[in-house]
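Just run-v8.cif here, mmCIF, N, CA and C atoms:
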```
data_start
loop_
_atom_site.label_atom_id
_atom_site.label_comp_id
_atom_site.auth_asym_id
_atom_site.auth_seq_id
_atom_site.Cartn_x
_atom_site.Cartn_y
_atom_site.Cartn_z
N PRO A 1 93.32 99.81 119.12
CA PRO A 1 92.69 100.52 118.03
C PRO A 1 92.52 102.00 118.33
N ARG A 2 92.52 102.80 117.30
CA ARG A 2 92.41 104.26 117.47
C ARG A 2 90.98 104.75 117.57
N THR A 3 90.05 104.11 116.87
CA THR A 3 88.68 104.64 116.82
C THR A 3 87.81 104.00 117.89
N TRP A 4 86.76 104.73 118.29
CA TRP A 4 85.88 104.22 119.34
C TRP A 4 85.19 102.94 118.89
N MET A 5 84.85 102.84 117.61
CA MET A 5 84.16 101.64 117.14
C MET A 5 85.07 100.42 117.24
N ALA A 6 86.29 100.54 116.78
CA ALA A 6 87.23 99.41 116.82
C ALA A 6 87.59 99.07 118.27
N ARG A 7 87.80 100.08 119.11
CA ARG A 7 88.12 99.81 120.52
C ARG A 7 86.96 99.11 121.22
N GLY A 8 85.73 99.58 120.98
CA GLY A 8 84.56 98.96 121.59
C GLY A 8 84.36 97.54 121.11
N TYR A 9 84.51 97.31 119.81
CA TYR A 9 84.38 95.96 119.28
C TYR A 9 85.43 95.06 119.91
N ALA A 10 86.68 95.51 119.96
CA ALA A 10 87.77 94.70 120.51
C ALA A 10 87.52 94.38 121.98
N ARG A 11 87.00 95.33 122.73
CA ARG A 11 86.75 95.11 124.16
C ARG A 11 85.73 94.00 124.36
N VAL A 12 84.64 94.03 123.61
CA VAL A 12 83.61 92.99 123.75
C VAL A 12 84.11 91.68 123.17
N TRP A 13 84.67 91.71 121.97
CA TRP A 13 85.14 90.49 121.29
C TRP A 13 86.15 89.74 122.14
N SER A 14 87.06 90.44 122.78
CA SER A 14 88.09 89.77 123.58
C SER A 14 87.53 89.12 124.83
N GLN A 15 86.30 89.46 125.22
CA GLN A 15 85.66 88.85 126.38
C GLN A 15 84.79 87.65 126.03
N LEU A 16 84.55 87.42 124.74
CA LEU A 16 83.70 86.29 124.33
C LEU A 16 84.37 84.97 124.70
N PRO A 17 83.58 83.97 125.09
CA PRO A 17 84.13 82.69 125.54
C PRO A 17 85.05 82.01 124.52
N ALA A 18 84.78 82.17 123.25
CA ALA A 18 85.62 81.53 122.23
C ALA A 18 86.97 82.21 122.09
N VAL A 19 87.14 83.37 122.73
CA VAL A 19 88.38 84.15 122.59
C VAL A 19 89.10 84.29 123.92
N ALA A 20 88.39 84.67 124.97
CA ALA A 20 89.01 84.99 126.26
C ALA A 20 89.73 83.80 126.85
N GLY A 21 91.01 83.95 127.10
CA GLY A 21 91.79 82.92 127.76
C GLY A 21 91.99 81.67 126.93
N GLN A 22 91.72 81.73 125.64
CA GLN A 22 91.86 80.55 124.80
C GLN A 22 92.83 80.82 123.66
N VAL A 23 93.19 79.77 123.01
CA VAL A 23 94.04 79.87 121.84
C VAL A 23 93.12 80.03 120.64
N THR A 24 93.13 81.18 120.04
CA THR A 24 92.30 81.40 118.86
C THR A 24 93.08 81.01 117.62
N GLY A 25 92.36 80.72 116.57
CA GLY A 25 93.03 80.40 115.31
C GLY A 25 93.69 81.64 114.74
N ALA A 26 92.94 82.69 114.63
CA ALA A 26 93.43 83.98 114.13
C ALA A 26 94.24 83.84 112.85
N GLY A 27 93.91 82.85 112.04
CA GLY A 27 94.56 82.71 110.75
C GLY A 27 95.86 81.95 110.75
N CYS A 28 96.32 81.54 111.90
CA CYS A 28 97.60 80.83 111.97
C CYS A 28 97.50 79.72 113.00
N TYR A 29 97.96 78.54 112.62
CA TYR A 29 97.95 77.41 113.54
C TYR A 29 99.01 76.43 113.10
N ALA A 30 99.40 75.57 114.01
CA ALA A 30 100.35 74.50 113.70
C ALA A 30 99.90 73.26 114.45
N VAL A 31 100.07 72.12 113.82
CA VAL A 31 99.74 70.86 114.47
C VAL A 31 100.89 69.89 114.26
N ASN A 32 101.03 68.96 115.19
CA ASN A 32 102.05 67.93 115.03
C ASN A 32 101.51 66.84 114.10
N PRO A 33 102.34 65.89 113.69
CA PRO A 33 101.88 64.84 112.76
C PRO A 33 100.67 64.04 113.29
N ALA A 34 100.64 63.76 114.58
CA ALA A 34 99.49 63.02 115.14
C ALA A 34 98.22 63.85 115.04
N GLY A 35 98.34 65.14 115.28
CA GLY A 35 97.18 66.01 115.14
C GLY A 35 96.72 66.12 113.71
N ARG A 36 97.65 66.22 112.79
CA ARG A 36 97.29 66.34 111.36
C ARG A 36 96.60 65.08 110.85
N ALA A 37 96.85 63.97 111.48
CA ALA A 37 96.23 62.71 111.07
C ALA A 37 94.73 62.67 111.41
N ARG A 38 94.23 63.65 112.15
CA ARG A 38 92.81 63.67 112.52
C ARG A 38 91.88 64.02 111.36
N TRP A 39 92.40 64.55 110.27
CA TRP A 39 91.55 64.86 109.14
C TRP A 39 92.31 64.61 107.84
N GLY A 40 91.54 64.39 106.80
CA GLY A 40 92.13 64.19 105.48
C GLY A 40 92.25 65.53 104.77
N ALA A 41 91.58 65.64 103.65
CA ALA A 41 91.57 66.90 102.91
C ALA A 41 90.60 67.86 103.58
N PHE A 42 90.90 69.15 103.50
CA PHE A 42 89.96 70.15 104.00
C PHE A 42 88.71 70.11 103.14
N PRO A 43 87.55 70.25 103.77
CA PRO A 43 86.33 70.36 102.96
C PRO A 43 86.47 71.57 102.02
N ALA A 44 86.03 71.41 100.79
CA ALA A 44 86.22 72.45 99.78
C ALA A 44 85.58 73.78 100.14
N ASP A 45 84.48 73.75 100.87
CA ASP A 45 83.76 74.99 101.15
C ASP A 45 84.13 75.63 102.48
N VAL A 46 85.15 75.15 103.16
CA VAL A 46 85.54 75.72 104.46
C VAL A 46 86.34 77.00 104.24
N VAL A 47 85.83 78.10 104.78
CA VAL A 47 86.54 79.37 104.73
C VAL A 47 87.38 79.50 106.00
N ALA A 48 86.81 79.11 107.13
CA ALA A 48 87.48 79.24 108.43
C ALA A 48 88.30 77.97 108.70
N ASP A 49 89.38 77.81 107.95
CA ASP A 49 90.19 76.60 108.13
C ASP A 49 90.78 76.53 109.53
N ASP A 50 91.14 77.68 110.11
CA ASP A 50 91.66 77.66 111.47
C ASP A 50 90.59 77.22 112.46
N GLY A 51 89.34 77.64 112.27
CA GLY A 51 88.24 77.19 113.13
C GLY A 51 87.96 75.71 112.95
N PHE A 52 88.04 75.24 111.71
CA PHE A 52 87.84 73.83 111.42
C PHE A 52 88.87 72.98 112.17
N VAL A 53 90.13 73.37 112.11
CA VAL A 53 91.19 72.63 112.80
C VAL A 53 91.02 72.75 114.30
N ARG A 54 90.68 73.92 114.78
CA ARG A 54 90.51 74.14 116.22
C ARG A 54 89.44 73.23 116.80
N MET A 55 88.35 72.99 116.05
CA MET A 55 87.26 72.13 116.52
C MET A 55 87.71 70.69 116.74
N LEU A 56 88.77 70.29 116.10
CA LEU A 56 89.23 68.90 116.18
C LEU A 56 90.03 68.60 117.44
N PHE A 57 90.30 69.63 118.24
CA PHE A 57 91.13 69.47 119.43
C PHE A 57 90.39 70.01 120.65
N SER A 58 90.49 69.28 121.75
CA SER A 58 89.87 69.75 122.99
C SER A 58 90.66 70.93 123.52
N LEU A 59 90.05 71.65 124.43
CA LEU A 59 90.71 72.80 125.04
C LEU A 59 92.04 72.41 125.68
N SER A 60 92.10 71.24 126.30
CA SER A 60 93.32 70.80 126.98
C SER A 60 94.44 70.44 125.99
N GLU A 61 94.09 70.22 124.73
CA GLU A 61 95.10 69.87 123.73
C GLU A 61 95.69 71.10 123.02
N ARG A 62 95.09 72.24 123.20
CA ARG A 62 95.54 73.46 122.52
C ARG A 62 96.61 74.16 123.34
N ARG A 63 97.62 74.64 122.66
CA ARG A 63 98.71 75.37 123.32
C ARG A 63 99.04 76.61 122.51
N LEU A 64 99.36 77.66 123.21
CA LEU A 64 99.84 78.87 122.56
C LEU A 64 101.36 78.81 122.61
N ALA A 65 101.97 78.70 121.46
CA ALA A 65 103.43 78.64 121.37
C ALA A 65 103.95 80.07 121.25
N GLY A 66 104.52 80.56 122.33
CA GLY A 66 105.00 81.94 122.32
C GLY A 66 103.84 82.86 122.64
N GLY A 67 103.52 83.72 121.75
CA GLY A 67 102.42 84.66 121.94
C GLY A 67 102.05 85.26 120.61
N PHE A 68 101.03 86.07 120.62
CA PHE A 68 100.67 86.76 119.39
C PHE A 68 100.01 88.07 119.74
N LEU A 69 100.11 88.97 118.83
CA LEU A 69 99.49 90.27 118.96
C LEU A 69 98.39 90.35 117.93
N MET A 70 97.18 90.53 118.39
CA MET A 70 96.05 90.62 117.47
C MET A 70 95.84 92.09 117.15
N VAL A 71 96.00 92.45 115.90
CA VAL A 71 95.79 93.82 115.47
C VAL A 71 94.51 93.85 114.64
N LEU A 72 93.49 94.46 115.20
CA LEU A 72 92.22 94.55 114.48
C LEU A 72 92.26 95.72 113.51
N PRO A 73 91.67 95.53 112.36
CA PRO A 73 91.54 96.66 111.44
C PRO A 73 90.52 97.64 111.98
N GLU A 74 90.31 98.71 111.26
CA GLU A 74 89.36 99.72 111.71
C GLU A 74 88.41 100.08 110.58
N GLY A 75 87.32 100.76 110.93
CA GLY A 75 86.37 101.27 109.94
C GLY A 75 85.78 100.19 109.06
N ARG A 76 85.71 100.49 107.78
CA ARG A 76 85.11 99.60 106.79
C ARG A 76 85.81 98.25 106.74
N GLU A 77 87.12 98.25 106.92
CA GLU A 77 87.87 96.98 106.90
C GLU A 77 87.48 96.09 108.08
N LEU A 78 87.25 96.68 109.25
CA LEU A 78 86.83 95.90 110.42
C LEU A 78 85.49 95.22 110.14
N VAL A 79 84.55 95.96 109.56
CA VAL A 79 83.24 95.38 109.24
C VAL A 79 83.42 94.21 108.27
N SER A 80 84.28 94.38 107.27
CA SER A 80 84.51 93.30 106.29
C SER A 80 85.15 92.08 106.93
N VAL A 81 86.12 92.30 107.80
CA VAL A 81 86.80 91.19 108.47
C VAL A 81 85.83 90.44 109.39
N VAL A 82 85.04 91.16 110.14
CA VAL A 82 84.07 90.53 111.03
C VAL A 82 83.06 89.73 110.21
N HIS A 83 82.64 90.28 109.08
CA HIS A 83 81.72 89.56 108.20
C HIS A 83 82.34 88.23 107.75
N ARG A 84 83.59 88.27 107.34
CA ARG A 84 84.28 87.06 106.89
C ARG A 84 84.42 86.06 108.03
N TRP A 85 84.81 86.53 109.23
CA TRP A 85 84.95 85.64 110.39
C TRP A 85 83.64 84.95 110.69
N ARG A 86 82.58 85.75 110.80
CA ARG A 86 81.29 85.19 111.21
C ARG A 86 80.71 84.28 110.14
N SER A 87 80.86 84.64 108.88
CA SER A 87 80.38 83.78 107.79
C SER A 87 81.15 82.47 107.77
N GLY A 88 82.46 82.55 107.91
CA GLY A 88 83.29 81.35 107.93
C GLY A 88 82.95 80.44 109.09
N ASN A 89 82.78 81.01 110.28
CA ASN A 89 82.45 80.21 111.46
C ASN A 89 81.04 79.62 111.37
N ALA A 90 80.12 80.37 110.76
CA ALA A 90 78.74 79.87 110.62
C ALA A 90 78.67 78.65 109.71
N ALA A 91 79.63 78.51 108.81
CA ALA A 91 79.63 77.38 107.88
C ALA A 91 80.23 76.11 108.50
N LEU A 92 80.81 76.23 109.68
CA LEU A 92 81.39 75.06 110.35
C LEU A 92 80.30 74.20 110.96
N PRO A 93 80.54 72.89 111.09
CA PRO A 93 79.52 72.01 111.68
C PRO A 93 79.21 72.33 113.14
N GLU A 94 80.19 72.87 113.86
CA GLU A 94 80.00 73.29 115.26
C GLU A 94 80.37 74.75 115.37
N SER A 95 79.69 75.44 116.24
CA SER A 95 80.02 76.84 116.46
C SER A 95 81.17 76.94 117.45
N PRO A 96 82.19 77.73 117.13
CA PRO A 96 83.28 77.93 118.09
C PRO A 96 82.95 79.00 119.12
N SER A 97 81.69 79.44 119.18
CA SER A 97 81.34 80.60 120.00
C SER A 97 81.38 80.34 121.50
N GLY A 98 81.20 79.11 121.94
CA GLY A 98 81.16 78.85 123.37
C GLY A 98 79.74 78.90 123.93
N GLY A 99 78.76 79.13 123.09
CA GLY A 99 77.37 79.15 123.52
C GLY A 99 76.82 80.55 123.68
N ARG A 100 75.53 80.68 123.42
CA ARG A 100 74.89 81.99 123.47
C ARG A 100 74.82 82.58 124.88
N LEU A 101 74.49 81.76 125.87
CA LEU A 101 74.37 82.29 127.23
C LEU A 101 75.72 82.79 127.74
N ALA A 102 76.76 82.02 127.52
CA ALA A 102 78.10 82.45 127.94
C ALA A 102 78.51 83.70 127.18
N SER A 103 78.16 83.79 125.92
CA SER A 103 78.49 84.98 125.13
C SER A 103 77.73 86.20 125.66
N LEU A 104 76.45 86.02 126.01
CA LEU A 104 75.68 87.14 126.56
C LEU A 104 76.26 87.62 127.89
N ARG A 105 76.71 86.69 128.72
CA ARG A 105 77.36 87.09 129.98
C ARG A 105 78.61 87.91 129.71
N ALA A 106 79.39 87.49 128.73
CA ALA A 106 80.62 88.21 128.40
C ALA A 106 80.31 89.60 127.90
N VAL A 107 79.29 89.72 127.07
CA VAL A 107 78.90 91.03 126.54
C VAL A 107 78.42 91.92 127.68
N ALA A 108 77.70 91.35 128.63
CA ALA A 108 77.19 92.13 129.76
C ALA A 108 78.33 92.72 130.59
N ARG A 109 79.46 92.02 130.66
CA ARG A 109 80.61 92.54 131.41
C ARG A 109 81.22 93.77 130.74
N SER A 110 80.98 93.93 129.46
CA SER A 110 81.51 95.07 128.72
C SER A 110 80.37 95.89 128.11
N TRP A 111 79.29 96.06 128.86
CA TRP A 111 78.08 96.68 128.34
C TRP A 111 78.31 98.06 127.75
N TRP A 112 79.26 98.84 128.28
CA TRP A 112 79.51 100.20 127.79
C TRP A 112 80.10 100.19 126.38
N SER A 113 80.64 99.05 125.96
CA SER A 113 81.19 98.93 124.61
C SER A 113 80.22 98.26 123.65
N LEU A 114 79.07 97.87 124.15
CA LEU A 114 78.10 97.16 123.33
C LEU A 114 77.64 97.94 122.09
N PRO A 115 77.42 99.27 122.17
CA PRO A 115 77.01 99.98 120.96
C PRO A 115 78.01 99.83 119.80
N ALA A 116 79.29 99.90 120.09
CA ALA A 116 80.30 99.75 119.03
C ALA A 116 80.29 98.33 118.48
N PHE A 117 80.20 97.34 119.37
CA PHE A 117 80.16 95.94 118.94
C PHE A 117 78.92 95.70 118.07
N ALA A 118 77.77 96.18 118.52
CA ALA A 118 76.53 96.00 117.77
C ALA A 118 76.59 96.70 116.42
N LEU A 119 77.22 97.85 116.37
CA LEU A 119 77.34 98.57 115.10
C LEU A 119 78.16 97.76 114.10
N VAL A 120 79.29 97.22 114.53
CA VAL A 120 80.13 96.43 113.62
C VAL A 120 79.36 95.20 113.13
N VAL A 121 78.73 94.49 114.04
CA VAL A 121 77.98 93.29 113.67
C VAL A 121 76.76 93.66 112.84
N GLY A 122 76.07 94.73 113.20
CA GLY A 122 74.89 95.16 112.46
C GLY A 122 75.21 95.63 111.05
N LEU A 123 76.31 96.34 110.88
CA LEU A 123 76.70 96.77 109.54
C LEU A 123 77.03 95.57 108.67
N ARG A 124 77.53 94.53 109.27
CA ARG A 124 77.83 93.32 108.53
C ARG A 124 76.53 92.68 108.04
N ARG A 125 75.54 92.69 108.86
CA ARG A 125 74.28 92.05 108.50
C ARG A 125 73.46 92.89 107.53
N HIS A 126 73.56 94.19 107.63
CA HIS A 126 72.76 95.09 106.80
C HIS A 126 73.70 96.09 106.12
N PRO A 127 74.48 95.62 105.15
CA PRO A 127 75.44 96.52 104.53
C PRO A 127 74.75 97.62 103.73
N PHE A 128 75.29 98.79 103.83
CA PHE A 128 74.84 99.90 103.02
C PHE A 128 76.02 100.85 102.88
N ARG A 129 75.93 101.73 101.95
CA ARG A 129 77.03 102.65 101.68
C ARG A 129 77.06 103.71 102.79
N LEU A 130 78.06 103.61 103.63
CA LEU A 130 78.22 104.55 104.73
C LEU A 130 79.71 104.81 104.88
N ARG A 131 80.03 106.06 104.94
CA ARG A 131 81.43 106.41 105.13
C ARG A 131 81.78 106.16 106.59
N LEU A 132 82.59 105.15 106.81
CA LEU A 132 82.94 104.74 108.18
C LEU A 132 84.23 105.37 108.67
N MET A 133 84.84 106.15 107.86
CA MET A 133 86.15 106.69 108.23
C MET A 133 86.07 107.56 109.49
N TRP A 134 84.93 108.17 109.75
CA TRP A 134 84.82 109.02 110.93
C TRP A 134 84.54 108.24 112.19
N LEU A 135 84.27 106.94 112.09
CA LEU A 135 83.93 106.14 113.27
C LEU A 135 85.16 105.79 114.05
#
```

As structure tokens - that is how I would like this structure written.
Amino acid sequence: PRTWMARGYARVWSQLPAVAGQVTGAGCYAVNPAGRARWGAFPADVVADDGFVRMLFSLSERRLAGGFLMVLPEGRELVSVVHRWRSGNAALPESPSGGRLASLRAVARSWWSLPAFALVVGLRRHPFRLRLMWL
């Protein structure tokens, strides 16, 4: 990312237990027929369908086929995307976060980026009209 806010958010986010060293949904997933048989229809109110599917498989069952490049948006779009991610994940029966203590440890490892991470998350929680283009 080009801006300090997006770089700081990415640095902390990539260290979170649900992301670091794991296969994230990131909007794209594939399952084999046996895996697809684990659920019927998607619940109507599920926004985070990738998180829903991810919860159905243990860590040892997940594989990254090839690789992927995660390109985070910046500014106002980053705040909107984070809001959608967090709202979608909060609606799931289980949190994909990996636990609060593990998340706090991960954040502590990137403490210098915490202000940017907190700003993105805080703007999501308390939206107001702010020109974010300079961030």

What gap, in Å, lies between atom CA of Leu123 of chain A and atom CA of Arg86 of chain A?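 Answer for the atom CA of Leu123 of chain A to atom CA of Arg86 of chain A separation: 12.6 Å.
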
Atomic separation - atom CA of Arg36 of chain A relative to atom CA of Ala91 of chain A, Å: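 Distance between the two atoms: 21.1 Å.
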
Go through A:Leu16, A:Ala118, A:Val71, A:Val82 and flag the residue nearest Arg105 of chain A, using only N, CA and C atoms for the distances.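 Selected residue with least distance to Arg105 of chain A: A:Leu16.
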
Could you make a table, as CSV, of the residues of segment 68-121 of chain A that have an atom within 8 Å of an atom of segment 50-54 of chain A, each with its nearest atom pair and distance in Å to one decimal, counting only N, CA and C atoms, in chain and number order?
```
residue,atom,partner,partner_atom,distance
A:Gly88,C,A:Gly51,CA,7.4
A:Asn89,CA,A:Gly51,CA,6.7
A:Leu92,CA,A:Phe52,CA,6.7
A:Pro93,N,A:Phe52,CA,7.4
A:Pro96,CA,A:Gly51,CA,7.1
```

One decimal, Å: what's the distance from atom CA of Leu104 of chain A over to atom CA of Cys28 of chain A, could you say? 27.1 Å

Residues near segment 8-12 of chain A, cut-off 7 Å, all atoms listed in the file, skip fewer than 4 positions along chain, as a ChimeraX atom specification: /A:3-4,16,106-107,110,112-118

DSSP-assigned alpha helix (DSSP H) members of segment 25-73 of chain A, reported as a VMD selection string: chain A and resid 33 to 36 49 to 55

Check the smallest atom-to-atom distance from each of A:Phe57, A:Trp13, A:Trp85, A:Tyr29 to Ala108 of chain A using only C-alpha atoms, then report the winner.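 Result for the nearest residue to Ala108 of chain A: A:Trp13.
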
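Taking only N, CA and C atoms into account, Met55 of chain A lies nearest to A:Glu94 out of the set A:Met5, A:Pro17, A:Glu74, A:Glu94.
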
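Minimum atom-to-atom distances from A:Ala18, A:Val120, A:Ala41, A:Ser103 to Leu78 of chain A were compared using all atoms listed in the file, and the lowest value belongs to A:Val120.
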
Let me make sure I understand: among A:Leu56, A:Ala48, A:Glu61, A:Ala102, which one has the smallest atom-to-atom distance to Ala90 of chain A if we use all atoms listed in the file?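 Going through A:Leu56, A:Ala48, A:Glu61, A:Ala102 one by one, the smallest distance to Ala90 of chain A is for A:Ala48.
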
Final N, CA, C and O atoms of segment 49-60 of chain A as a PDB file, in the coordinates of the input:
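Produced file selection_5.pdb, reproduced below:
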```
ATOM      1  N   ASP A  49      89.380  77.810 107.950  1.00  0.00           N
ATOM      2  CA  ASP A  49      90.190  76.600 108.130  1.00  0.00           C
ATOM      3  C   ASP A  49      90.780  76.530 109.530  1.00  0.00           C
ATOM      4  O   ASP A  49      90.889  75.466 110.111  1.00  0.00           O
ATOM      5  N   ASP A  50      91.140  77.680 110.110  1.00  0.00           N
ATOM      6  CA  ASP A  50      91.660  77.660 111.470  1.00  0.00           C
ATOM      7  C   ASP A  50      90.590  77.220 112.460  1.00  0.00           C
ATOM      8  O   ASP A  50      90.849  76.454 113.376  1.00  0.00           O
ATOM      9  N   GLY A  51      89.340  77.640 112.270  1.00  0.00           N
ATOM     10  CA  GLY A  51      88.240  77.190 113.130  1.00  0.00           C
ATOM     11  C   GLY A  51      87.960  75.710 112.950  1.00  0.00           C
ATOM     12  O   GLY A  51      87.675  74.997 113.915  1.00  0.00           O
ATOM     13  N   PHE A  52      88.040  75.240 111.710  1.00  0.00           N
ATOM     14  CA  PHE A  52      87.840  73.830 111.420  1.00  0.00           C
ATOM     15  C   PHE A  52      88.870  72.980 112.170  1.00  0.00           C
ATOM     16  O   PHE A  52      88.524  71.996 112.837  1.00  0.00           O
ATOM     17  N   VAL A  53      90.130  73.370 112.110  1.00  0.00           N
ATOM     18  CA  VAL A  53      91.190  72.630 112.800  1.00  0.00           C
ATOM     19  C   VAL A  53      91.020  72.750 114.300  1.00  0.00           C
ATOM     20  O   VAL A  53      91.144  71.769 115.033  1.00  0.00           O
ATOM     21  N   ARG A  54      90.680  73.920 114.780  1.00  0.00           N
ATOM     22  CA  ARG A  54      90.510  74.140 116.220  1.00  0.00           C
ATOM     23  C   ARG A  54      89.440  73.230 116.800  1.00  0.00           C
ATOM     24  O   ARG A  54      89.580  72.704 117.903  1.00  0.00           O
ATOM     25  N   MET A  55      88.350  72.990 116.050  1.00  0.00           N
ATOM     26  CA  MET A  55      87.260  72.130 116.520  1.00  0.00           C
ATOM     27  C   MET A  55      87.710  70.690 116.740  1.00  0.00           C
ATOM     28  O   MET A  55      87.072  69.947 117.472  1.00  0.00           O
ATOM     29  N   LEU A  56      88.770  70.290 116.100  1.00  0.00           N
ATOM     30  CA  LEU A  56      89.230  68.900 116.180  1.00  0.00           C
ATOM     31  C   LEU A  56      90.030  68.600 117.440  1.00  0.00           C
ATOM     32  O   LEU A  56      90.390  67.460 117.695  1.00  0.00           O
ATOM     33  N   PHE A  57      90.300  69.630 118.240  1.00  0.00           N
ATOM     34  CA  PHE A  57      91.130  69.470 119.430  1.00  0.00           C
ATOM     35  C   PHE A  57      90.390  70.010 120.650  1.00  0.00           C
ATOM     36  O   PHE A  57      89.778  71.073 120.592  1.00  0.00           O
ATOM     37  N   SER A  58      90.490  69.280 121.750  1.00  0.00           N
ATOM     38  CA  SER A  58      89.870  69.750 122.990  1.00  0.00           C
ATOM     39  C   SER A  58      90.660  70.930 123.520  1.00  0.00           C
ATOM     40  O   SER A  58      91.809  71.177 123.129  1.00  0.00           O
ATOM     41  N   LEU A  59      90.050  71.650 124.430  1.00  0.00           N
ATOM     42  CA  LEU A  59      90.710  72.800 125.040  1.00  0.00           C
ATOM     43  C   LEU A  59      92.040  72.410 125.680  1.00  0.00           C
ATOM     44  O   LEU A  59      93.036  73.136 125.582  1.00  0.00           O
ATOM     45  N   SER A  60      92.100  71.240 126.300  1.00  0.00           N
ATOM     46  CA  SER A  60      93.320  70.800 126.980  1.00  0.00           C
ATOM     47  C   SER A  60      94.440  70.440 125.990  1.00  0.00           C
ATOM     48  O   SER A  60      95.599  70.379 126.365  1.00  0.00           O
TER      49      SER A  60
END
```
